[in-house]
file data-v8.pdb (PDB, C-alpha atoms)
ATOM      1  CA  MET V   1     -27.563  95.901  91.872  1.00  0.00           C
ATOM      2  CA  LYS V   2     -26.678  99.425  90.772  1.00  0.00           C
ATOM      3  CA  PRO V   3     -23.077 100.605  91.467  1.00  0.00           C
ATOM      4  CA  THR V   4     -22.727 103.201  94.176  1.00  0.00           C
ATOM      5  CA  ARG V   5     -21.397 106.667  93.559  1.00  0.00           C
ATOM      6  CA  GLN V   6     -18.116 105.723  95.263  1.00  0.00           C
ATOM      7  CA  GLU V   7     -17.653 102.765  92.907  1.00  0.00           C
ATOM      8  CA  GLU V   8     -18.374 104.864  89.787  1.00  0.00           C
ATOM      9  CA  SER V   9     -15.967 107.682  90.718  1.00  0.00           C
ATOM     10  CA  PRO V  10     -12.689 105.764  90.116  1.00  0.00           C
ATOM     11  CA  LYS V  11     -14.011 104.411  86.809  1.00  0.00           C
ATOM     12  CA  LEU V  12     -15.006 107.880  85.661  1.00  0.00           C
ATOM     13  CA  LEU V  13     -11.632 109.293  86.668  1.00  0.00           C
ATOM     14  CA  ALA V  14      -9.842 106.463  84.862  1.00  0.00           C
ATOM     15  CA  ARG V  15     -11.871 107.101  81.691  1.00  0.00           C
ATOM     16  CA  MET V  16     -11.163 110.829  81.898  1.00  0.00           C
ATOM     17  CA  MET V  17      -7.428 110.278  82.379  1.00  0.00           C
ATOM     18  CA  GLY V  18      -7.365 107.767  79.543  1.00  0.00           C
ATOM     19  CA  SER V  19      -9.050 110.254  77.240  1.00  0.00           C
ATOM     20  CA  THR V  20      -6.576 113.038  78.014  1.00  0.00           C
ATOM     21  CA  ARG V  21      -4.004 111.252  75.886  1.00  0.00           C
ATOM     22  CA  TYR V  22      -5.854 112.742  72.908  1.00  0.00           C
ATOM     23  CA  ALA V  23      -4.653 116.185  74.030  1.00  0.00           C
ATOM     24  CA  ILE V  24      -1.330 115.188  72.476  1.00  0.00           C
ATOM     25  CA  LEU V  25      -3.072 115.645  69.124  1.00  0.00           C
ATOM     26  CA  LEU V  26      -2.525 119.388  69.618  1.00  0.00           C
ATOM     27  CA  ALA V  27       1.241 118.830  69.724  1.00  0.00           C
ATOM     28  CA  VAL V  28       1.091 116.355  66.838  1.00  0.00           C
ATOM     29  CA  PHE V  29      -0.804 118.856  64.699  1.00  0.00           C
ATOM     30  CA  GLY V  30       1.508 121.743  65.626  1.00  0.00           C
ATOM     31  CA  ILE V  31       4.672 119.748  64.929  1.00  0.00           C
ATOM     32  CA  PHE V  32       3.225 118.451  61.656  1.00  0.00           C
ATOM     33  CA  VAL V  33       2.279 121.972  60.520  1.00  0.00           C
ATOM     34  CA  GLY V  34       5.765 123.187  61.449  1.00  0.00           C
ATOM     35  CA  SER V  35       7.317 120.347  59.471  1.00  0.00           C
ATOM     36  CA  VAL V  36       5.227 121.042  56.378  1.00  0.00           C
ATOM     37  CA  SER V  37       5.956 124.780  56.661  1.00  0.00           C
ATOM     38  CA  LEU V  38       9.693 124.100  56.728  1.00  0.00           C
ATOM     39  CA  LEU V  39       9.411 121.761  53.738  1.00  0.00           C
ATOM     40  CA  ILE V  40       7.489 124.343  51.719  1.00  0.00           C
ATOM     41  CA  SER V  41       9.830 127.226  52.572  1.00  0.00           C
ATOM     42  CA  SER V  42      12.961 125.163  51.898  1.00  0.00           C
ATOM     43  CA  THR V  43      11.550 124.031  48.548  1.00  0.00           C
ATOM     44  CA  PHE V  44      11.031 127.670  47.547  1.00  0.00           C
ATOM     45  CA  GLU V  45      14.529 128.587  48.762  1.00  0.00           C
ATOM     46  CA  MET V  46      16.018 125.781  46.669  1.00  0.00           C
ATOM     47  CA  ILE V  47      14.023 126.792  43.583  1.00  0.00           C
ATOM     48  CA  ILE V  48      15.101 130.432  43.978  1.00  0.00           C
ATOM     49  CA  ALA V  49      18.777 129.482  44.450  1.00  0.00           C
ATOM     50  CA  VAL V  50      18.742 127.241  41.364  1.00  0.00           C
ATOM     51  CA  TRP V  51      16.838 129.846  39.333  1.00  0.00           C
ATOM     52  CA  GLU V  52      19.309 132.584  40.271  1.00  0.00           C
ATOM     53  CA  THR V  53      22.191 130.289  39.311  1.00  0.00           C
ATOM     54  CA  LEU V  54      20.625 129.390  35.963  1.00  0.00           C
ATOM     55  CA  ALA V  55      19.761 133.046  35.292  1.00  0.00           C
ATOM     56  CA  GLY V  56      23.381 133.997  35.886  1.00  0.00           C
ATOM     57  CA  SER V  57      22.915 136.183  38.958  1.00  0.00           C
ATOM     58  CA  ARG V  58      24.790 133.589  41.053  1.00  0.00           C
ATOM     59  CA  ASP V  59      28.040 131.894  40.203  1.00  0.00           C
ATOM     60  CA  VAL V  60      27.938 128.092  40.433  1.00  0.00           C
ATOM     61  CA  GLY V  61      31.145 128.138  42.505  1.00  0.00           C
ATOM     62  CA  ASP V  62      29.884 130.920  44.753  1.00  0.00           C
ATOM     63  CA  VAL V  63      30.384 130.263  48.478  1.00  0.00           C
ATOM     64  CA  GLU V  64      27.031 131.903  49.227  1.00  0.00           C
ATOM     65  CA  LEU V  65      25.317 129.399  46.930  1.00  0.00           C
ATOM     66  CA  ARG V  66      26.946 126.528  48.791  1.00  0.00           C
ATOM     67  CA  ILE V  67      25.831 128.008  52.104  1.00  0.00           C
ATOM     68  CA  VAL V  68      22.242 128.385  50.879  1.00  0.00           C
ATOM     69  CA  LEU V  69      22.152 124.823  49.555  1.00  0.00           C
ATOM     70  CA  ILE V  70      23.652 123.372  52.753  1.00  0.00           C
ATOM     71  CA  GLU V  71      21.162 125.323  54.882  1.00  0.00           C
ATOM     72  CA  VAL V  72      18.232 124.234  52.685  1.00  0.00           C
ATOM     73  CA  VAL V  73      19.205 120.570  52.977  1.00  0.00           C
ATOM     74  CA  ASP V  74      19.588 121.053  56.739  1.00  0.00           C
ATOM     75  CA  THR V  75      16.103 122.573  56.905  1.00  0.00           C
ATOM     76  CA  VAL V  76      14.683 119.593  54.993  1.00  0.00           C
ATOM     77  CA  LEU V  77      16.351 117.224  57.461  1.00  0.00           C
ATOM     78  CA  VAL V  78      14.933 119.174  60.420  1.00  0.00           C
ATOM     79  CA  ALA V  79      11.478 119.070  58.819  1.00  0.00           C
ATOM     80  CA  THR V  80      11.826 115.325  58.285  1.00  0.00           C
ATOM     81  CA  VAL V  81      12.753 114.706  61.924  1.00  0.00           C
ATOM     82  CA  LEU V  82       9.852 116.894  63.088  1.00  0.00           C
ATOM     83  CA  TYR V  83       7.543 114.832  60.875  1.00  0.00           C
ATOM     84  CA  MET V  84       8.937 111.640  62.407  1.00  0.00           C
ATOM     85  CA  ILE V  85       8.388 113.056  65.910  1.00  0.00           C
ATOM     86  CA  ALA V  86       4.789 113.992  65.072  1.00  0.00           C
ATOM     87  CA  ILE V  87       4.121 110.487  63.787  1.00  0.00           C
ATOM     88  CA  GLY V  88       5.880 108.998  66.815  1.00  0.00           C
ATOM     89  CA  LEU V  89       3.791 110.985  69.294  1.00  0.00           C
ATOM     90  CA  TYR V  90       0.640 109.979  67.431  1.00  0.00           C
ATOM     91  CA  GLN V  91       1.707 106.339  67.499  1.00  0.00           C
ATOM     92  CA  LEU V  92       2.586 106.427  71.212  1.00  0.00           C
ATOM     93  CA  PHE V  93      -0.459 108.299  72.502  1.00  0.00           C
ATOM     94  CA  VAL V  94      -3.294 107.890  70.011  1.00  0.00           C
ATOM     95  CA  ASP V  95      -3.023 104.850  67.747  1.00  0.00           C
ATOM     96  CA  SER V  96      -0.240 102.295  68.037  1.00  0.00           C
ATOM     97  CA  SER V  97      -1.738 100.144  65.288  1.00  0.00           C
ATOM     98  CA  ILE V  98      -1.029 102.502  62.376  1.00  0.00           C
ATOM     99  CA  SER V  99       0.872 100.824  59.570  1.00  0.00           C
ATOM    100  CA  LEU V 100       4.375 102.264  59.345  1.00  0.00           C
ATOM    101  CA  PRO V 101       7.673 101.020  57.939  1.00  0.00           C
ATOM    102  CA  SER V 102       9.950  99.556  60.614  1.00  0.00           C
ATOM    103  CA  TRP V 103      12.379 102.514  60.492  1.00  0.00           C
ATOM    104  CA  LEU V 104       9.514 104.858  61.381  1.00  0.00           C
ATOM    105  CA  GLN V 105       8.167 102.794  64.296  1.00  0.00           C
ATOM    106  CA  THR V 106       8.312 104.450  67.706  1.00  0.00           C
ATOM    107  CA  ARG V 107       8.332 102.222  70.766  1.00  0.00           C
ATOM    108  CA  SER V 108       9.004 104.798  73.476  1.00  0.00           C
ATOM    109  CA  LEU V 109       9.648 108.452  74.183  1.00  0.00           C
ATOM    110  CA  ASN V 110      13.316 107.482  74.247  1.00  0.00           C
ATOM    111  CA  ASP V 111      13.123 106.868  70.479  1.00  0.00           C
ATOM    112  CA  LEU V 112      11.855 110.417  69.986  1.00  0.00           C
ATOM    113  CA  GLU V 113      14.532 111.875  72.274  1.00  0.00           C
ATOM    114  CA  LEU V 114      17.226 110.112  70.251  1.00  0.00           C
ATOM    115  CA  ARG V 115      15.820 111.427  66.968  1.00  0.00           C
ATOM    116  CA  LEU V 116      15.742 114.967  68.347  1.00  0.00           C
ATOM    117  CA  ALA V 117      19.282 114.710  69.730  1.00  0.00           C
ATOM    118  CA  GLY V 118      20.550 113.337  66.422  1.00  0.00           C
ATOM    119  CA  MET V 119      18.908 116.191  64.567  1.00  0.00           C
ATOM    120  CA  SER V 120      20.498 118.658  66.999  1.00  0.00           C
ATOM    121  CA  VAL V 121      23.976 117.284  66.238  1.00  0.00           C
ATOM    122  CA  THR V 122      23.352 117.799  62.525  1.00  0.00           C
ATOM    123  CA  VAL V 123      22.006 121.328  63.011  1.00  0.00           C
ATOM    124  CA  VAL V 124      24.971 122.358  65.186  1.00  0.00           C
ATOM    125  CA  ALA V 125      27.413 120.900  62.651  1.00  0.00           C
ATOM    126  CA  VAL V 126      25.701 122.728  59.776  1.00  0.00           C
ATOM    127  CA  ILE V 127      25.810 125.992  61.719  1.00  0.00           C
ATOM    128  CA  PHE V 128      29.556 125.541  62.175  1.00  0.00           C
ATOM    129  CA  VAL V 129      30.104 124.725  58.489  1.00  0.00           C
ATOM    130  CA  THR V 130      28.080 127.811  57.540  1.00  0.00           C
ATOM    131  CA  VAL V 131      30.130 130.046  59.857  1.00  0.00           C
ATOM    132  CA  ALA V 132      33.359 128.526  58.530  1.00  0.00           C
ATOM    133  CA  LEU V 133      32.324 129.123  54.913  1.00  0.00           C
ATOM    134  CA  GLU V 134      31.159 132.669  55.655  1.00  0.00           C
ATOM    135  CA  SER V 135      34.417 133.531  57.413  1.00  0.00           C
ATOM    136  CA  HIS V 136      36.479 133.005  54.238  1.00  0.00           C
ATOM    137  CA  GLY V 137      39.408 132.328  56.557  1.00  0.00           C
ATOM    138  CA  ASN V 138      39.370 135.961  57.734  1.00  0.00           C
ATOM    139  CA  THR V 139      38.308 135.400  61.311  1.00  0.00           C
ATOM    140  CA  ASN V 140      39.498 133.123  64.032  1.00  0.00           C
ATOM    141  CA  ILE V 141      36.740 130.559  64.495  1.00  0.00           C
ATOM    142  CA  LEU V 142      38.703 128.249  66.777  1.00  0.00           C
ATOM    143  CA  GLY V 143      36.671 129.214  69.870  1.00  0.00           C
ATOM    144  CA  PHE V 144      33.399 128.732  68.031  1.00  0.00           C
ATOM    145  CA  GLY V 145      34.681 125.424  66.648  1.00  0.00           C
ATOM    146  CA  LEU V 146      35.633 124.185  70.113  1.00  0.00           C
ATOM    147  CA  ALA V 147      32.236 125.191  71.515  1.00  0.00           C
ATOM    148  CA  THR V 148      30.546 123.431  68.608  1.00  0.00           C
ATOM    149  CA  ALA V 149      32.656 120.324  69.181  1.00  0.00           C
ATOM    150  CA  ALA V 150      31.764 120.321  72.890  1.00  0.00           C
ATOM    151  CA  ILE V 151      28.050 120.442  72.071  1.00  0.00           C
ATOM    152  CA  ILE V 152      28.388 117.654  69.510  1.00  0.00           C
ATOM    153  CA  VAL V 153      30.389 115.489  71.940  1.00  0.00           C
ATOM    154  CA  ALA V 154      27.808 116.009  74.697  1.00  0.00           C
ATOM    155  CA  LEU V 155      24.890 115.162  72.393  1.00  0.00           C
ATOM    156  CA  SER V 156      26.751 112.184  70.951  1.00  0.00           C
ATOM    157  CA  LEU V 157      27.442 110.888  74.456  1.00  0.00           C
ATOM    158  CA  PHE V 158      23.738 111.282  75.282  1.00  0.00           C
ATOM    159  CA  ILE V 159      22.791 109.395  72.114  1.00  0.00           C
ATOM    160  CA  TYR V 160      25.290 106.642  72.897  1.00  0.00           C
ATOM    161  CA  ILE V 161      24.194 106.213  76.516  1.00  0.00           C
ATOM    162  CA  GLU V 162      20.472 106.430  75.782  1.00  0.00           C
ATOM    163  CA  GLY V 163      20.786 104.180  72.757  1.00  0.00           C
ATOM    164  CA  LYS V 164      22.668 101.567  74.739  1.00  0.00           C
ATOM    165  CA  HIS V 165      20.752 101.689  78.032  1.00  0.00           C
ATOM    166  CA  GLY V 166      17.504 103.458  77.181  1.00  0.00           C
ATOM    167  CA  SER V 167      16.450 100.959  74.548  1.00  0.00           C
ATOM    168  CA  HIS V 168      15.394  98.500  77.265  1.00  0.00           C
ATOM    169  CA  GLU V 169      13.258 101.035  79.095  1.00  0.00           C
ATOM    170  CA  ASP V 170       9.941 102.529  78.139  1.00  0.00           C
ATOM    171  CA  HIS V 171       9.733 106.137  79.308  1.00  0.00           C
TER     172      HIS V 171
END

call {"tool": "encode", "arguments": {"input": "data-v8.pdb", "output": "structure tokens"}}
result
Amino acid sequence: MKPTRQEESPKLLARMMGSTRYAILLAVFGIFVGSVSLLISSTFEMIIAVWETLAGSRDVGDVELRIVLIEVVDTVLVATVLYMIAIGLYQLFVDSSISLPSWLQTRSLNDLELRLAGMSVTVVAVIFVTVALESHGNTNILGFGLATAAIIVALSLFIYIEGKHGSHEDH
């Protein structure tokens, strides 16, 4: 006996909804391209900074050189976390059977939230270090430091709570 139109409708809708998970490939691709772009640009920045130092146009002890190097390393870390998020989204929505090392496995959206929050703590800290180095002790950065500390405390609390309680839940 042939299924009726009413019986086929829920199956069709279920197949359509199941297929929409592939729309996340747009985000995966965009995040991956962003990650690679950051890696390429930071590599060029590092090469230029080292070249200028070797050529003598920058002093090895120059504060500006330290700032550039710290910011380049920060950019590489951001790119790495974006790469991990792209892989995590792909693993969660498209193919959970891809072979990945255990430290790169993503079990839930909570894992991705924690990676992003951790990256945010690092970025905020690097911004503060950069401002502190650029100030040369000439400006009062206490207010900025306190604001930075408040952001880091809030994100750290989020990471602690989510890491402790969110690990048992799949979002």

call {"tool": "atom_distance", "arguments": {"input": "data-v8.pdb", "atom1": "atom CA of V:Trp103", "atom2": "atom CA of V:Arg115"}}
result
11.5 Å

call {"tool": "resolve_selection", "arguments": {"input": "data-v8.pdb", "expression": "the PyMOL selection byres ((chain V and resi 121) around 9)", "output": "list in words"}}
result
Leu116, Ala117, Gly118, Met119, Ser120, Thr122, Val123, Val124, Ala125, Val126, Ile151, Ile152, Val153, Leu155 and Ser156 of chain V

call {"tool": "residues_around", "arguments": {"input": "data-v8.pdb", "residues": "V:Glu52", "least_positions_apart": "5", "cutoff": "12 Å", "atoms": "only C-alpha atoms", "output": "list in words"}}
result
Glu45, Met46, Ile47, Ser57, Arg58, Asp59, Val60, Asp62, Glu64, Leu65 and Val68 of chain V

call {"tool": "residues_around", "arguments": {"input": "data-v8.pdb", "residues": "stretch 83-99 of chain V", "least_positions_apart": "5", "cutoff": "12 Å", "atoms": "only C-alpha atoms", "output": "compact mmCIF listing (two decimals) with C-alpha atoms, in the coordinates of the input"}}
result
# COMPACT_ATOMS: atom_id res chain seq x y z
CA GLY V 18 -7.36 107.77 79.54
CA SER V 19 -9.05 110.25 77.24
CA THR V 20 -6.58 113.04 78.01
CA ARG V 21 -4.00 111.25 75.89
CA TYR V 22 -5.85 112.74 72.91
CA ALA V 23 -4.65 116.18 74.03
CA ILE V 24 -1.33 115.19 72.48
CA LEU V 25 -3.07 115.64 69.12
CA LEU V 26 -2.52 119.39 69.62
CA ALA V 27 1.24 118.83 69.72
CA VAL V 28 1.09 116.36 66.84
CA PHE V 29 -0.80 118.86 64.70
CA GLY V 30 1.51 121.74 65.63
CA ILE V 31 4.67 119.75 64.93
CA PHE V 32 3.22 118.45 61.66
CA VAL V 33 2.28 121.97 60.52
CA GLY V 34 5.76 123.19 61.45
CA SER V 35 7.32 120.35 59.47
CA VAL V 36 5.23 121.04 56.38
CA SER V 37 5.96 124.78 56.66
CA LEU V 38 9.69 124.10 56.73
CA LEU V 39 9.41 121.76 53.74
CA VAL V 76 14.68 119.59 54.99
CA LEU V 77 16.35 117.22 57.46
CA VAL V 78 14.93 119.17 60.42
CA LEU V 104 9.51 104.86 61.38
CA GLN V 105 8.17 102.79 64.30
CA THR V 106 8.31 104.45 67.71
CA ARG V 107 8.33 102.22 70.77
CA SER V 108 9.00 104.80 73.48
CA LEU V 109 9.65 108.45 74.18
CA ASN V 110 13.32 107.48 74.25
CA ASP V 111 13.12 106.87 70.48
CA LEU V 112 11.86 110.42 69.99
CA GLU V 113 14.53 111.88 72.27
CA LEU V 114 17.23 110.11 70.25
CA ARG V 115 15.82 111.43 66.97
CA LEU V 116 15.74 114.97 68.35
CA ALA V 117 19.28 114.71 69.73
CA MET V 119 18.91 116.19 64.57
CA ASP V 170 9.94 102.53 78.14
CA HIS V 171 9.73 106.14 79.31

call {"tool": "atom_distance", "arguments": {"input": "data-v8.pdb", "atom1": "atom CA of V:Ala149", "atom2": "atom CA of V:Ala132"}}
result
13.5 Å

call {"tool": "atom_distance", "arguments": {"input": "data-v8.pdb", "atom1": "atom CA of V:Leu69", "atom2": "atom CA of V:Thr139"}}
result
22.6 Å

call {"tool": "closest_residue", "arguments": {"input": "data-v8.pdb", "among": "V:Pro101, V:Val81, V:Met16, V:Val129", "to": "V:Val63", "atoms": "only C-alpha atoms"}}
result
V:Val129

call {"tool": "closest_residue", "arguments": {"input": "data-v8.pdb", "among": "V:Thr43, V:Phe128, V:Phe144, V:Glu162", "to": "V:Val73", "atoms": "all atoms listed in the file"}}
result
V:Thr43

call {"tool": "decode", "arguments": {"input": "data-v8.pdb", "residues": "stretch 36-107 of chain V", "atoms": "C-alpha atoms", "output": "compact mmCIF listing (two decimals), in the first residue's frame"}}
result
# COMPACT_ATOMS: atom_id res chain seq x y z
CA VAL V 36 43.96 31.27 7.56
CA SER V 37 43.90 35.00 6.74
CA LEU V 38 45.03 35.85 10.26
CA LEU V 39 47.79 33.23 10.10
CA ILE V 40 49.07 34.58 6.79
CA SER V 41 48.99 38.23 7.88
CA SER V 42 50.65 37.49 11.23
CA THR V 43 53.38 35.48 9.49
CA PHE V 44 54.14 38.47 7.25
CA GLU V 45 54.10 40.83 10.25
CA MET V 46 56.57 38.59 12.08
CA ILE V 47 58.85 38.34 9.03
CA ILE V 48 58.80 42.13 8.59
CA ALA V 49 59.54 42.76 12.29
CA VAL V 50 62.46 40.32 12.27
CA TRP V 51 63.76 41.69 8.96
CA GLU V 52 63.65 45.27 10.24
CA THR V 53 65.49 44.18 13.39
CA LEU V 54 68.17 42.33 11.43
CA ALA V 55 68.51 45.24 8.98
CA GLY V 56 69.09 47.60 11.89
CA SER V 57 66.02 49.80 11.49
CA ARG V 58 64.65 48.43 14.79
CA ASP V 59 66.51 48.04 18.05
CA VAL V 60 66.28 44.57 19.58
CA GLY V 61 65.34 46.12 22.94
CA ASP V 62 62.79 48.45 21.37
CA VAL V 63 59.42 48.51 23.17
CA GLU V 64 57.63 48.79 19.82
CA LEU V 65 59.28 45.55 18.70
CA ARG V 66 58.05 43.80 21.83
CA ILE V 67 54.55 45.14 21.23
CA VAL V 68 54.56 43.92 17.62
CA LEU V 69 55.81 40.47 18.61
CA ILE V 70 53.26 40.14 21.44
CA GLU V 71 50.44 41.21 19.12
CA VAL V 72 51.59 38.80 16.39
CA VAL V 73 51.65 35.87 18.82
CA ASP V 74 48.20 36.94 20.06
CA THR V 75 46.92 36.98 16.47
CA VAL V 76 48.30 33.47 15.91
CA LEU V 77 46.51 32.27 19.05
CA VAL V 78 43.24 33.87 17.89
CA ALA V 79 43.65 32.22 14.48
CA THR V 80 44.29 28.88 16.16
CA VAL V 81 41.15 29.13 18.29
CA LEU V 82 39.10 30.14 15.23
CA TYR V 83 40.47 27.08 13.43
CA MET V 84 39.49 24.91 16.39
CA ILE V 85 35.98 26.42 16.37
CA ALA V 86 35.62 25.77 12.63
CA ILE V 87 36.65 22.15 13.11
CA GLY V 88 34.35 21.86 16.13
CA LEU V 89 31.32 23.16 14.24
CA TYR V 90 32.09 20.78 11.39
CA GLN V 91 32.39 17.89 13.82
CA LEU V 92 29.15 18.78 15.64
CA PHE V 93 26.94 19.46 12.62
CA VAL V 94 28.40 17.66 9.61
CA ASP V 95 30.65 14.71 10.42
CA SER V 96 31.28 13.51 13.96
CA SER V 97 33.42 10.61 12.74
CA ILE V 98 36.39 12.68 11.53
CA SER V 99 39.67 11.53 13.03
CA LEU V 100 40.99 14.19 15.40
CA PRO V 101 43.38 14.17 18.34
CA SER V 102 41.59 14.06 21.70
CA TRP V 103 42.46 17.69 22.54
CA LEU V 104 40.69 18.82 19.37
CA GLN V 105 37.51 16.77 19.91
CA THR V 106 34.31 18.77 20.36
CA ARG V 107 31.43 17.13 22.19
